[in-house]
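Structure first, commentary second.
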Amino acid sequence: MTPKFEYAPAPESRSVVDIASSYGLFIGGEFVDPADGKSFKTVNPATEEKLSDVSEASAADVDKAVRAARRAYDRTWSRMSGAERGKYLYRIARLLQERAREFAVLETLDNGKPIKESRDVDVPTAAAHFFYHAGWADKLEYAGLGPAPKSLGVVGQVIPWNFPLLMLAWKIAPALATGNTVVLKPAETTPLTALLFAEVCRQADLPPGVVNIVTGAGPTGQAIVEHPGVDKIAFTGSTDVGKAIARAVAGTRKRVTLELGGKAANIVFDDAAIDQAVEGIVNGIFFNQGHVCCAGSRLLVQESVADDVVHRLQRRLRTLRVGDPMDKNTDVGAINSAAQLARITELTEAGVAEGAQRWSPDVELPKRGYWFAPTVFTGVSQAHRIAREEIFGPVLSVLTFRTPDEAVAKANNTPYGLSAGIWSEKGSRVLAIADKLRAGVVWANTFNRFDPTSPFGGYKESGYGREGGRQGLAAYLDTEGTH
Ligand code: TAP
């Protein structure tokens, strides 16, 4: 598709939030320079314009952060009552709400996601995670995890770029509520909301060292994983890196939880409310440009309604607005990085080469920045790469089935098992199918709904451990008294 126009982000977006020209590492409650003075730039993926220079933490910096976290754990955080810890979490939650506009704008500038998503999903859901876990802080003995479960100590957390603030909240809120201290590394391409969050920690008077933010690339994450002073690793990212982390911590005292990739089936039966299902399909794969671990990237549609569903889906996709993420009417924003765009392009080319039929609505993509038009593949077989591999972009693969058993077999025919969706008006069918799906989260007549009260996590190669809900607390507690 030939790019046709260019735009600049609205000038007011820069005035909503102050972006410093460079950022230090947040260690022990202070922004400090990295030991070897290295930095990297973070860009706006919608314009390729540089936003800021961010410090690159070396192993020495990670060591400093782990020591700060240990000191904070020993001297203050582990000695504090749950009720006191809860007050800090409530304070952080309220500050996220008060500064919601800044967070939403910054997230959209750094990530490329539509402002209406950062405003209505990422930021409020992040605040909700802090509110929810604040409530648990003084009630841990009632969580059904043993009489007086103890915290683990220093937790190393490594997160991806698709929901930078929300993934931070999923990690930091339960860790703090359960009495642990944290060293967190955001993804290289989206560090800015984590650094704004560091400022919020200071504003909330969080004791220095309870939260430490070290920015950098893969090696910084690796230094956290390998540091002997870390008691637990919580990782969200690709299955390949997750496997490397599991190998690195094998045989050490470190606990580990992994939230990895997915290739979710969104299953539409012939008795479904079709228009409602079409909305769910669109939300399932085009929300956040499809940069969603639990995206409904495989549409399994019953043969008798397949033509109708695809036709209505195409009609709906023609109405999507692709472009400036800062425009409140935009539905599909920019791809997060050149590397991710290359991966999406490579896989979609493989889809064509393997014989699937590719379709996109006629959209005008901006000239600069990283863009990919919403894409639907029909005529997909289970052997195609686009049906097996995680694309992590706005690309839907459509497969068909005749019987419910065939739907289940196809849905489960993947090494992943993070999520799935079922569209049917029959409650008994929904329950029966949900029971047979090998996926950690199953949505019925909806998709991509996130709530702090409900545990989220994978089966099979999508990882282990749960985040959210009562079950998510267990990942941060020594429930067996063996740590
Ligand atoms: P990864 O490349 O795995 O990166 C995730 C994080 O790990 C980043 O902070 C990355 O740093 C860091 N990292 C890279 N190499 C590392 C190493 N050897 N040791 C320790 N840390 C390392 O994934 P991604 O491309 O950012 O994210 C996309 C993937 O995340 C997808 O597969 C998606 O499904 C998965 N994801 C899963 C979930 C859940 S909840 N299951 C949620 C969101 C995303 P850099 O950014 O600097 O490379």
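In the structure tokens, chains take the letters A, B, ... in the order shown, each chain's residues start at 1, and ligands count up from 1 in the order shown.
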
Contacts of Gly261 in chain A within 6 Å, only C-alpha atoms, excl. fewer than 5 positions in-chain, as a list of chain:residue names: A:Ser238, A:Thr239, A:Cys293, A:Ser462

Close residues, range 444-461 of chain A itself excluded, 8 Å, only C-alpha atoms, min 5 positions apart in chain, as a PDB file with N, CA and C atoms, in the first residue's frame:
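Output contents, as saved in selection.pdb:
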ATOM      1  N   THR A 125      -7.290   0.937  33.689  1.00  0.00           N
ATOM      2  CA  THR A 125      -7.097  -0.437  34.151  1.00  0.00           C
ATOM      3  C   THR A 125      -5.845  -0.524  35.035  1.00  0.00           C
ATOM      4  N   ALA A 128      -6.900   0.698  38.319  1.00  0.00           N
ATOM      5  CA  ALA A 128      -7.759  -0.318  38.953  1.00  0.00           C
ATOM      6  C   ALA A 128      -6.921  -1.433  39.588  1.00  0.00           C
ATOM      7  N   HIS A 129      -5.809  -1.778  38.964  1.00  0.00           N
ATOM      8  CA  HIS A 129      -4.940  -2.810  39.537  1.00  0.00           C
ATOM      9  C   HIS A 129      -4.352  -2.359  40.867  1.00  0.00           C
ATOM     10  N   TYR A 132      -7.261  -2.393  43.432  1.00  0.00           N
ATOM     11  CA  TYR A 132      -7.616  -3.768  43.789  1.00  0.00           C
ATOM     12  C   TYR A 132      -6.586  -4.364  44.752  1.00  0.00           C
ATOM     13  N   THR A 239       7.845 -16.125  23.982  1.00  0.00           N
ATOM     14  CA  THR A 239       8.076 -17.480  24.476  1.00  0.00           C
ATOM     15  C   THR A 239       9.567 -17.824  24.414  1.00  0.00           C
ATOM     16  N   GLU A 259       4.591 -14.976  31.577  1.00  0.00           N
ATOM     17  CA  GLU A 259       3.399 -14.709  30.752  1.00  0.00           C
ATOM     18  C   GLU A 259       3.921 -14.545  29.340  1.00  0.00           C
ATOM     19  N   LEU A 260       3.630 -15.510  28.469  1.00  0.00           N
ATOM     20  CA  LEU A 260       4.308 -15.523  27.162  1.00  0.00           C
ATOM     21  C   LEU A 260       3.325 -15.296  26.012  1.00  0.00           C
ATOM     22  N   GLY A 261       3.648 -15.830  24.861  1.00  0.00           N
ATOM     23  CA  GLY A 261       2.869 -15.520  23.666  1.00  0.00           C
ATOM     24  C   GLY A 261       1.552 -16.274  23.573  1.00  0.00           C
ATOM     25  N   GLN A 276     -22.849  -8.865  16.652  1.00  0.00           N
ATOM     26  CA  GLN A 276     -22.125  -8.757  17.929  1.00  0.00           C
ATOM     27  C   GLN A 276     -20.784  -9.505  17.810  1.00  0.00           C
ATOM     28  N   ALA A 277     -20.811 -10.663  17.178  1.00  0.00           N
ATOM     29  CA  ALA A 277     -19.578 -11.440  17.003  1.00  0.00           C
ATOM     30  C   ALA A 277     -18.574 -10.675  16.145  1.00  0.00           C
ATOM     31  N   GLY A 280     -16.807  -8.296  18.163  1.00  0.00           N
ATOM     32  CA  GLY A 280     -15.846  -9.015  19.014  1.00  0.00           C
ATOM     33  C   GLY A 280     -14.619  -9.466  18.236  1.00  0.00           C
ATOM     34  N   ILE A 281     -14.821  -9.816  16.974  1.00  0.00           N
ATOM     35  CA  ILE A 281     -13.684 -10.234  16.138  1.00  0.00           C
ATOM     36  C   ILE A 281     -12.772  -9.023  15.906  1.00  0.00           C
ATOM     37  N   ASN A 283     -12.542  -6.225  17.709  1.00  0.00           N
ATOM     38  CA  ASN A 283     -11.883  -5.879  18.963  1.00  0.00           C
ATOM     39  C   ASN A 283     -10.808  -6.910  19.297  1.00  0.00           C
ATOM     40  N   GLY A 284     -11.077  -8.160  18.996  1.00  0.00           N
ATOM     41  CA  GLY A 284     -10.147  -9.245  19.334  1.00  0.00           C
ATOM     42  C   GLY A 284      -8.810  -9.136  18.627  1.00  0.00           C
ATOM     43  N   CYS A 294      -3.029 -11.982  23.994  1.00  0.00           N
ATOM     44  CA  CYS A 294      -4.232 -12.816  23.973  1.00  0.00           C
ATOM     45  C   CYS A 294      -5.119 -12.463  22.773  1.00  0.00           C
ATOM     46  N   ALA A 295      -4.577 -11.792  21.753  1.00  0.00           N
ATOM     47  CA  ALA A 295      -5.367 -11.377  20.579  1.00  0.00           C
ATOM     48  C   ALA A 295      -6.066 -12.569  19.936  1.00  0.00           C
ATOM     49  N   GLY A 296      -7.277 -12.335  19.454  1.00  0.00           N
ATOM     50  CA  GLY A 296      -8.019 -13.393  18.755  1.00  0.00           C
ATOM     51  C   GLY A 296      -7.531 -13.463  17.322  1.00  0.00           C
ATOM     52  N   PRO A 415       0.850 -24.714  20.057  1.00  0.00           N
ATOM     53  CA  PRO A 415       1.654 -24.888  21.277  1.00  0.00           C
ATOM     54  C   PRO A 415       1.266 -23.891  22.366  1.00  0.00           C
ATOM     55  N   TYR A 416       0.527 -22.827  21.979  1.00  0.00           N
ATOM     56  CA  TYR A 416       0.137 -21.805  22.956  1.00  0.00           C
ATOM     57  C   TYR A 416      -1.172 -22.169  23.660  1.00  0.00           C
ATOM     58  N   GLY A 417      -1.512 -21.424  24.689  1.00  0.00           N
ATOM     59  CA  GLY A 417      -2.771 -21.670  25.386  1.00  0.00           C
ATOM     60  C   GLY A 417      -3.108 -20.531  26.328  1.00  0.00           C
ATOM     61  N   LEU A 418      -3.087 -19.304  25.775  1.00  0.00           N
ATOM     62  CA  LEU A 418      -3.324 -18.162  26.659  1.00  0.00           C
ATOM     63  C   LEU A 418      -4.810 -17.824  26.771  1.00  0.00           C
ATOM     64  N   SER A 419      -5.478 -17.704  25.623  1.00  0.00           N
ATOM     65  CA  SER A 419      -6.870 -17.281  25.685  1.00  0.00           C
ATOM     66  C   SER A 419      -7.659 -17.859  24.513  1.00  0.00           C
ATOM     67  N   GLY A 421     -11.973 -17.371  22.578  1.00  0.00           N
ATOM     68  CA  GLY A 421     -13.294 -16.745  22.641  1.00  0.00           C
ATOM     69  C   GLY A 421     -14.336 -17.675  22.030  1.00  0.00           C
ATOM     70  N   ILE A 422     -15.551 -17.619  22.585  1.00  0.00           N
ATOM     71  CA  ILE A 422     -16.657 -18.432  22.051  1.00  0.00           C
ATOM     72  C   ILE A 422     -17.831 -17.499  21.801  1.00  0.00           C
ATOM     73  N   TRP A 423     -18.428 -17.615  20.612  1.00  0.00           N
ATOM     74  CA  TRP A 423     -19.623 -16.821  20.283  1.00  0.00           C
ATOM     75  C   TRP A 423     -20.758 -17.782  19.999  1.00  0.00           C
ATOM     76  N   SER A 424     -21.726 -17.807  20.893  1.00  0.00           N
ATOM     77  CA  SER A 424     -22.882 -18.694  20.732  1.00  0.00           C
ATOM     78  C   SER A 424     -23.977 -18.198  21.662  1.00  0.00           C
ATOM     79  N   VAL A 430     -21.593 -22.998  25.310  1.00  0.00           N
ATOM     80  CA  VAL A 430     -20.460 -22.182  25.766  1.00  0.00           C
ATOM     81  C   VAL A 430     -19.714 -22.912  26.886  1.00  0.00           C
ATOM     82  N   ARG A 438      -7.969 -25.635  25.820  1.00  0.00           N
ATOM     83  CA  ARG A 438      -6.743 -25.608  26.619  1.00  0.00           C
ATOM     84  C   ARG A 438      -6.202 -24.175  26.613  1.00  0.00           C
ATOM     85  N   ALA A 439      -6.880 -23.302  27.323  1.00  0.00           N
ATOM     86  CA  ALA A 439      -6.478 -21.895  27.365  1.00  0.00           C
ATOM     87  C   ALA A 439      -6.774 -21.343  28.759  1.00  0.00           C
ATOM     88  N   ARG A 466      -0.210 -16.973  37.479  1.00  0.00           N
ATOM     89  CA  ARG A 466      -1.376 -16.147  37.160  1.00  0.00           C
ATOM     90  C   ARG A 466      -1.149 -14.725  37.644  1.00  0.00           C
ATOM     91  N   GLU A 467      -1.725 -13.759  36.923  1.00  0.00           N
ATOM     92  CA  GLU A 467      -1.672 -12.366  37.367  1.00  0.00           C
ATOM     93  C   GLU A 467      -3.101 -11.887  37.528  1.00  0.00           C
ATOM     94  N   GLY A 468      -3.359 -11.208  38.655  1.00  0.00           N
ATOM     95  CA  GLY A 468      -4.712 -10.747  38.942  1.00  0.00           C
ATOM     96  C   GLY A 468      -5.444 -11.755  39.812  1.00  0.00           C
ATOM     97  N   GLY A 469      -6.483 -11.243  40.451  1.00  0.00           N
ATOM     98  CA  GLY A 469      -7.290 -12.101  41.310  1.00  0.00           C
ATOM     99  C   GLY A 469      -6.520 -12.580  42.539  1.00  0.00           C
ATOM    100  N   ARG A 470      -7.179 -13.397  43.308  1.00  0.00           N
ATOM    101  CA  ARG A 470      -6.578 -13.990  44.499  1.00  0.00           C
ATOM    102  C   ARG A 470      -5.381 -14.858  44.094  1.00  0.00           C
ATOM    103  N   GLN A 471      -5.523 -15.551  42.954  1.00  0.00           N
ATOM    104  CA  GLN A 471      -4.476 -16.471  42.505  1.00  0.00           C
ATOM    105  C   GLN A 471      -3.178 -15.724  42.182  1.00  0.00           C
ATOM    106  N   GLY A 472      -3.315 -14.490  41.704  1.00  0.00           N
ATOM    107  CA  GLY A 472      -2.125 -13.715  41.341  1.00  0.00           C
ATOM    108  C   GLY A 472      -1.256 -13.379  42.539  1.00  0.00           C
TER     109      GLY A 472
END

Name each residue within 8 Å of ligand 1, counting only C-alpha atoms and all ligand atoms, as a tab-separated table (two decimals) with N, CA and C atoms, in the first residue's frame.
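Once everything was written out, this is part-v5.tsv:
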chain	number	residue	atom	x	y	z
A	158	VAL	N	10.39	-7.97	34.28
A	158	VAL	CA	10.76	-7.57	32.92
A	158	VAL	C	9.49	-7.60	32.07
A	159	ILE	N	9.20	-6.47	31.40
A	159	ILE	CA	7.90	-6.35	30.71
A	159	ILE	C	8.06	-5.94	29.24
A	160	PRO	N	7.04	-6.21	28.42
A	160	PRO	CA	7.11	-5.89	26.99
A	160	PRO	C	6.55	-4.50	26.67
A	161	TRP	N	6.47	-4.22	25.36
A	161	TRP	CA	6.14	-2.86	24.92
A	161	TRP	C	4.68	-2.67	24.54
A	162	ASN	N	3.88	-3.71	24.60
A	162	ASN	CA	2.53	-3.56	24.04
A	162	ASN	C	1.55	-2.84	24.97
A	163	PHE	N	1.71	-3.05	26.30
A	163	PHE	CA	0.91	-2.30	27.28
A	163	PHE	C	1.88	-1.83	28.36
A	167	MET	N	1.18	-3.30	31.96
A	167	MET	CA	2.01	-4.45	32.38
A	167	MET	C	2.80	-4.10	33.63
A	185	LYS	N	12.27	-3.63	34.67
A	185	LYS	CA	12.79	-3.11	33.40
A	185	LYS	C	11.66	-3.02	32.37
A	186	PRO	N	11.36	-1.80	31.91
A	186	PRO	CA	10.38	-1.68	30.81
A	186	PRO	C	11.05	-2.08	29.50
A	187	ALA	N	10.26	-2.23	28.44
A	187	ALA	CA	10.83	-2.56	27.14
A	187	ALA	C	11.61	-1.37	26.60
A	188	GLU	N	12.56	-1.69	25.75
A	188	GLU	CA	13.45	-0.66	25.20
A	188	GLU	C	12.69	0.40	24.41
A	189	THR	N	11.64	0.00	23.69
A	189	THR	CA	10.96	0.97	22.83
A	189	THR	C	9.89	1.78	23.57
A	190	THR	N	9.56	1.41	24.80
A	190	THR	CA	8.47	2.11	25.51
A	190	THR	C	8.81	2.35	26.99
A	216	GLY	N	16.70	-0.17	29.65
A	216	GLY	CA	17.76	-0.80	28.86
A	216	GLY	C	17.16	-1.82	27.92
A	217	ALA	N	18.02	-2.59	27.27
A	217	ALA	CA	17.56	-3.59	26.31
A	217	ALA	C	17.67	-4.99	26.93
A	218	GLY	N	17.70	-6.02	26.06
A	218	GLY	CA	17.74	-7.40	26.54
A	218	GLY	C	18.81	-7.68	27.60
A	219	PRO	N	20.06	-7.20	27.40
A	219	PRO	CA	21.11	-7.49	28.39
A	219	PRO	C	20.78	-6.96	29.79
A	220	THR	N	20.06	-5.84	29.86
A	220	THR	CA	19.66	-5.32	31.18
A	220	THR	C	18.69	-6.31	31.84
A	221	GLY	N	17.76	-6.83	31.02
A	221	GLY	CA	16.82	-7.83	31.54
A	221	GLY	C	17.56	-9.08	32.00
A	222	GLN	N	18.54	-9.46	31.20
A	222	GLN	CA	19.32	-10.65	31.54
A	222	GLN	C	20.08	-10.45	32.85
A	223	ALA	N	20.61	-9.23	33.06
A	223	ALA	CA	21.35	-8.94	34.29
A	223	ALA	C	20.42	-9.06	35.51
A	224	ILE	N	19.16	-8.67	35.35
A	224	ILE	CA	18.19	-8.81	36.45
A	224	ILE	C	17.96	-10.30	36.72
A	225	VAL	N	17.73	-11.03	35.63
A	225	VAL	CA	17.43	-12.47	35.76
A	225	VAL	C	18.58	-13.20	36.45
A	235	PHE	N	8.11	-12.31	34.46
A	235	PHE	CA	8.42	-11.91	33.09
A	235	PHE	C	7.18	-11.96	32.22
A	236	THR	N	7.00	-10.95	31.39
A	236	THR	CA	6.01	-11.00	30.32
A	236	THR	C	6.73	-10.67	29.03
A	237	GLY	N	6.58	-11.53	28.04
A	237	GLY	CA	7.24	-11.28	26.76
A	237	GLY	C	7.13	-12.50	25.87
A	238	SER	N	8.10	-12.66	25.00
A	238	SER	CA	8.02	-13.73	24.01
A	238	SER	C	8.34	-15.09	24.62
A	239	THR	N	7.85	-16.12	23.98
A	239	THR	CA	8.08	-17.48	24.48
A	239	THR	C	9.57	-17.82	24.41
A	240	ASP	N	10.28	-17.35	23.40
A	240	ASP	CA	11.71	-17.66	23.29
A	240	ASP	C	12.50	-17.10	24.48
A	241	VAL	N	12.26	-15.82	24.78
A	241	VAL	CA	12.98	-15.23	25.91
A	241	VAL	C	12.52	-15.89	27.22
A	242	GLY	N	11.24	-16.21	27.31
A	242	GLY	CA	10.72	-16.89	28.51
A	242	GLY	C	11.42	-18.23	28.75
A	244	ALA	N	14.44	-18.98	27.74
A	244	ALA	CA	15.82	-18.69	28.15
A	244	ALA	C	15.86	-18.32	29.64
A	245	ILE	N	14.84	-17.59	30.09
A	245	ILE	CA	14.80	-17.20	31.50
A	245	ILE	C	14.60	-18.43	32.39
A	258	LEU	N	5.93	-16.76	34.23
A	258	LEU	CA	6.12	-16.37	32.83
A	258	LEU	C	4.76	-16.16	32.17
A	259	GLU	N	4.59	-14.98	31.58
A	259	GLU	CA	3.40	-14.71	30.75
A	259	GLU	C	3.92	-14.55	29.34
A	260	LEU	N	3.63	-15.51	28.47
A	260	LEU	CA	4.31	-15.52	27.16
A	260	LEU	C	3.32	-15.30	26.01
A	261	GLY	N	3.65	-15.83	24.86
A	261	GLY	CA	2.87	-15.52	23.67
A	261	GLY	C	1.55	-16.27	23.57
A	262	GLY	N	0.83	-16.02	22.48
A	262	GLY	CA	-0.45	-16.69	22.28
A	262	GLY	C	-0.84	-16.75	20.81
A	291	HIS	N	-1.19	-5.95	18.80
A	291	HIS	CA	-0.03	-6.20	19.67
A	291	HIS	C	-0.57	-6.65	21.03
A	292	VAL	N	-1.21	-7.79	21.04
A	292	VAL	CA	-1.86	-8.27	22.26
A	292	VAL	C	-1.58	-9.77	22.38
A	293	CYS	N	-1.02	-10.17	23.52
A	293	CYS	CA	-0.65	-11.58	23.68
A	293	CYS	C	-1.87	-12.49	23.56
A	294	CYS	N	-3.03	-11.98	23.99
A	294	CYS	CA	-4.23	-12.82	23.97
A	294	CYS	C	-5.12	-12.46	22.77
A	340	GLN	N	9.14	-4.70	14.56
A	340	GLN	CA	7.86	-5.40	14.62
A	340	GLN	C	7.16	-5.32	13.27
A	390	GLU	N	2.75	-16.59	16.12
A	390	GLU	CA	2.19	-15.34	16.63
A	390	GLU	C	2.68	-14.18	15.75
A	392	PHE	N	1.45	-10.89	16.11
A	392	PHE	CA	1.51	-9.72	17.00
A	392	PHE	C	1.32	-8.43	16.20
A	418	LEU	N	-3.09	-19.30	25.77
A	418	LEU	CA	-3.32	-18.16	26.66
A	418	LEU	C	-4.81	-17.82	26.77
A	456	PHE	N	-5.24	-14.07	35.19
A	456	PHE	CA	-4.88	-14.12	33.76
A	456	PHE	C	-3.57	-14.89	33.65
A	457	GLY	N	-3.49	-15.81	32.69
A	457	GLY	CA	-2.24	-16.55	32.50
A	457	GLY	C	-2.45	-17.72	31.57
A	458	GLY	N	-1.35	-18.39	31.25
A	458	GLY	CA	-1.40	-19.36	30.16
A	458	GLY	C	-1.39	-20.82	30.54
A	462	SER	N	2.34	-20.88	26.68
A	462	SER	CA	2.01	-19.48	27.00
A	462	SER	C	2.45	-19.11	28.42
A	463	GLY	N	3.12	-20.04	29.10
A	463	GLY	CA	3.71	-19.69	30.38
A	463	GLY	C	3.02	-20.30	31.58

Residues of range 250-412 of chain A classed as strand (DSSP E or B) by DSSP on the backbone are to be reported as number ranges by chain. A: 255-259, 265-268, 298-302, 322, 332, 357-359, 366, 375-378, 395-401

Just the selected residues (N, CA and C atoms), exported as a PDB file, in the first residue's frame, please.
ATOM      1  N   ARG A 255      12.201 -17.980  42.311  1.00  0.00           N
ATOM      2  CA  ARG A 255      10.878 -18.357  41.793  1.00  0.00           C
ATOM      3  C   ARG A 255      10.708 -17.656  40.451  1.00  0.00           C
ATOM      4  N   VAL A 256       9.851 -18.211  39.607  1.00  0.00           N
ATOM      5  CA  VAL A 256       9.649 -17.540  38.322  1.00  0.00           C
ATOM      6  C   VAL A 256       8.206 -17.698  37.849  1.00  0.00           C
ATOM      7  N   THR A 257       7.654 -16.623  37.310  1.00  0.00           N
ATOM      8  CA  THR A 257       6.369 -16.718  36.612  1.00  0.00           C
ATOM      9  C   THR A 257       6.558 -16.125  35.220  1.00  0.00           C
ATOM     10  N   LEU A 258       5.930 -16.760  34.231  1.00  0.00           N
ATOM     11  CA  LEU A 258       6.115 -16.373  32.832  1.00  0.00           C
ATOM     12  C   LEU A 258       4.763 -16.162  32.167  1.00  0.00           C
ATOM     13  N   GLU A 259       4.591 -14.976  31.577  1.00  0.00           N
ATOM     14  CA  GLU A 259       3.399 -14.709  30.752  1.00  0.00           C
ATOM     15  C   GLU A 259       3.921 -14.545  29.340  1.00  0.00           C
ATOM     16  N   ALA A 265      -7.771 -18.703  19.516  1.00  0.00           N
ATOM     17  CA  ALA A 265      -8.891 -18.970  18.613  1.00  0.00           C
ATOM     18  C   ALA A 265     -10.095 -18.181  19.097  1.00  0.00           C
ATOM     19  N   ASN A 266     -10.745 -17.492  18.158  1.00  0.00           N
ATOM     20  CA  ASN A 266     -12.005 -16.814  18.445  1.00  0.00           C
ATOM     21  C   ASN A 266     -13.046 -17.610  17.651  1.00  0.00           C
ATOM     22  N   ILE A 267     -13.907 -18.360  18.363  1.00  0.00           N
ATOM     23  CA  ILE A 267     -14.750 -19.363  17.691  1.00  0.00           C
ATOM     24  C   ILE A 267     -16.182 -18.844  17.547  1.00  0.00           C
ATOM     25  N   VAL A 268     -16.656 -18.780  16.299  1.00  0.00           N
ATOM     26  CA  VAL A 268     -18.014 -18.268  16.057  1.00  0.00           C
ATOM     27  C   VAL A 268     -18.905 -19.414  15.566  1.00  0.00           C
ATOM     28  N   ARG A 298      -6.768 -16.079  15.412  1.00  0.00           N
ATOM     29  CA  ARG A 298      -7.323 -17.122  14.537  1.00  0.00           C
ATOM     30  C   ARG A 298      -8.845 -17.085  14.687  1.00  0.00           C
ATOM     31  N   LEU A 299      -9.530 -16.702  13.613  1.00  0.00           N
ATOM     32  CA  LEU A 299     -10.987 -16.763  13.649  1.00  0.00           C
ATOM     33  C   LEU A 299     -11.409 -18.151  13.172  1.00  0.00           C
ATOM     34  N   LEU A 300     -12.092 -18.899  14.040  1.00  0.00           N
ATOM     35  CA  LEU A 300     -12.645 -20.190  13.633  1.00  0.00           C
ATOM     36  C   LEU A 300     -14.141 -19.987  13.483  1.00  0.00           C
ATOM     37  N   VAL A 301     -14.630 -20.073  12.260  1.00  0.00           N
ATOM     38  CA  VAL A 301     -16.042 -19.761  12.032  1.00  0.00           C
ATOM     39  C   VAL A 301     -16.739 -20.969  11.407  1.00  0.00           C
ATOM     40  N   GLN A 302     -17.949 -21.236  11.911  1.00  0.00           N
ATOM     41  CA  GLN A 302     -18.688 -22.410  11.415  1.00  0.00           C
ATOM     42  C   GLN A 302     -19.014 -22.201   9.937  1.00  0.00           C
ATOM     43  N   VAL A 322      -7.636   4.422  10.453  1.00  0.00           N
ATOM     44  CA  VAL A 322      -6.234   4.083  10.725  1.00  0.00           C
ATOM     45  C   VAL A 322      -5.417   5.354  10.591  1.00  0.00           C
ATOM     46  N   VAL A 332      -7.118   2.410  14.758  1.00  0.00           N
ATOM     47  CA  VAL A 332      -5.900   1.605  14.635  1.00  0.00           C
ATOM     48  C   VAL A 332      -4.718   2.560  14.497  1.00  0.00           C
ATOM     49  N   GLN A 357      -5.615 -16.219   0.930  1.00  0.00           N
ATOM     50  CA  GLN A 357      -6.035 -15.001   0.211  1.00  0.00           C
ATOM     51  C   GLN A 357      -6.030 -13.810   1.170  1.00  0.00           C
ATOM     52  N   ARG A 358      -5.335 -12.758   0.741  1.00  0.00           N
ATOM     53  CA  ARG A 358      -5.146 -11.592   1.601  1.00  0.00           C
ATOM     54  C   ARG A 358      -6.101 -10.480   1.205  1.00  0.00           C
ATOM     55  N   TRP A 359      -6.686  -9.836   2.213  1.00  0.00           N
ATOM     56  CA  TRP A 359      -7.596  -8.715   1.946  1.00  0.00           C
ATOM     57  C   TRP A 359      -7.369  -7.609   2.980  1.00  0.00           C
ATOM     58  N   PRO A 366      -0.116   6.892   6.703  1.00  0.00           N
ATOM     59  CA  PRO A 366       0.797   8.038   6.724  1.00  0.00           C
ATOM     60  C   PRO A 366       2.157   7.678   6.113  1.00  0.00           C
ATOM     61  N   THR A 375      -5.596  -6.412   8.151  1.00  0.00           N
ATOM     62  CA  THR A 375      -5.494  -7.439   7.110  1.00  0.00           C
ATOM     63  C   THR A 375      -6.241  -8.698   7.525  1.00  0.00           C
ATOM     64  N   VAL A 376      -6.948  -9.276   6.566  1.00  0.00           N
ATOM     65  CA  VAL A 376      -7.670 -10.531   6.826  1.00  0.00           C
ATOM     66  C   VAL A 376      -7.228 -11.560   5.795  1.00  0.00           C
ATOM     67  N   PHE A 377      -6.868 -12.740   6.271  1.00  0.00           N
ATOM     68  CA  PHE A 377      -6.553 -13.846   5.374  1.00  0.00           C
ATOM     69  C   PHE A 377      -7.682 -14.871   5.415  1.00  0.00           C
ATOM     70  N   THR A 378      -8.195 -15.213   4.238  1.00  0.00           N
ATOM     71  CA  THR A 378      -9.142 -16.333   4.152  1.00  0.00           C
ATOM     72  C   THR A 378      -8.433 -17.485   3.434  1.00  0.00           C
ATOM     73  N   VAL A 395      -3.472  -8.583  11.958  1.00  0.00           N
ATOM     74  CA  VAL A 395      -3.636  -9.582  10.903  1.00  0.00           C
ATOM     75  C   VAL A 395      -4.468 -10.753  11.431  1.00  0.00           C
ATOM     76  N   LEU A 396      -5.576 -11.002  10.744  1.00  0.00           N
ATOM     77  CA  LEU A 396      -6.484 -12.076  11.179  1.00  0.00           C
ATOM     78  C   LEU A 396      -6.429 -13.237  10.186  1.00  0.00           C
ATOM     79  N   SER A 397      -6.328 -14.460  10.707  1.00  0.00           N
ATOM     80  CA  SER A 397      -6.371 -15.657   9.858  1.00  0.00           C
ATOM     81  C   SER A 397      -7.719 -16.342  10.063  1.00  0.00           C
ATOM     82  N   VAL A 398      -8.460 -16.541   8.961  1.00  0.00           N
ATOM     83  CA  VAL A 398      -9.796 -17.129   9.078  1.00  0.00           C
ATOM     84  C   VAL A 398      -9.744 -18.610   8.675  1.00  0.00           C
ATOM     85  N   LEU A 399     -10.209 -19.471   9.584  1.00  0.00           N
ATOM     86  CA  LEU A 399     -10.329 -20.901   9.304  1.00  0.00           C
ATOM     87  C   LEU A 399     -11.791 -21.288   9.548  1.00  0.00           C
ATOM     88  N   THR A 400     -12.216 -22.380   8.940  1.00  0.00           N
ATOM     89  CA  THR A 400     -13.611 -22.782   9.157  1.00  0.00           C
ATOM     90  C   THR A 400     -13.675 -24.165   9.803  1.00  0.00           C
ATOM     91  N   PHE A 401     -14.868 -24.473  10.359  1.00  0.00           N
ATOM     92  CA  PHE A 401     -15.094 -25.800  10.949  1.00  0.00           C
ATOM     93  C   PHE A 401     -16.546 -26.179  10.721  1.00  0.00           C
TER      94      PHE A 401
END
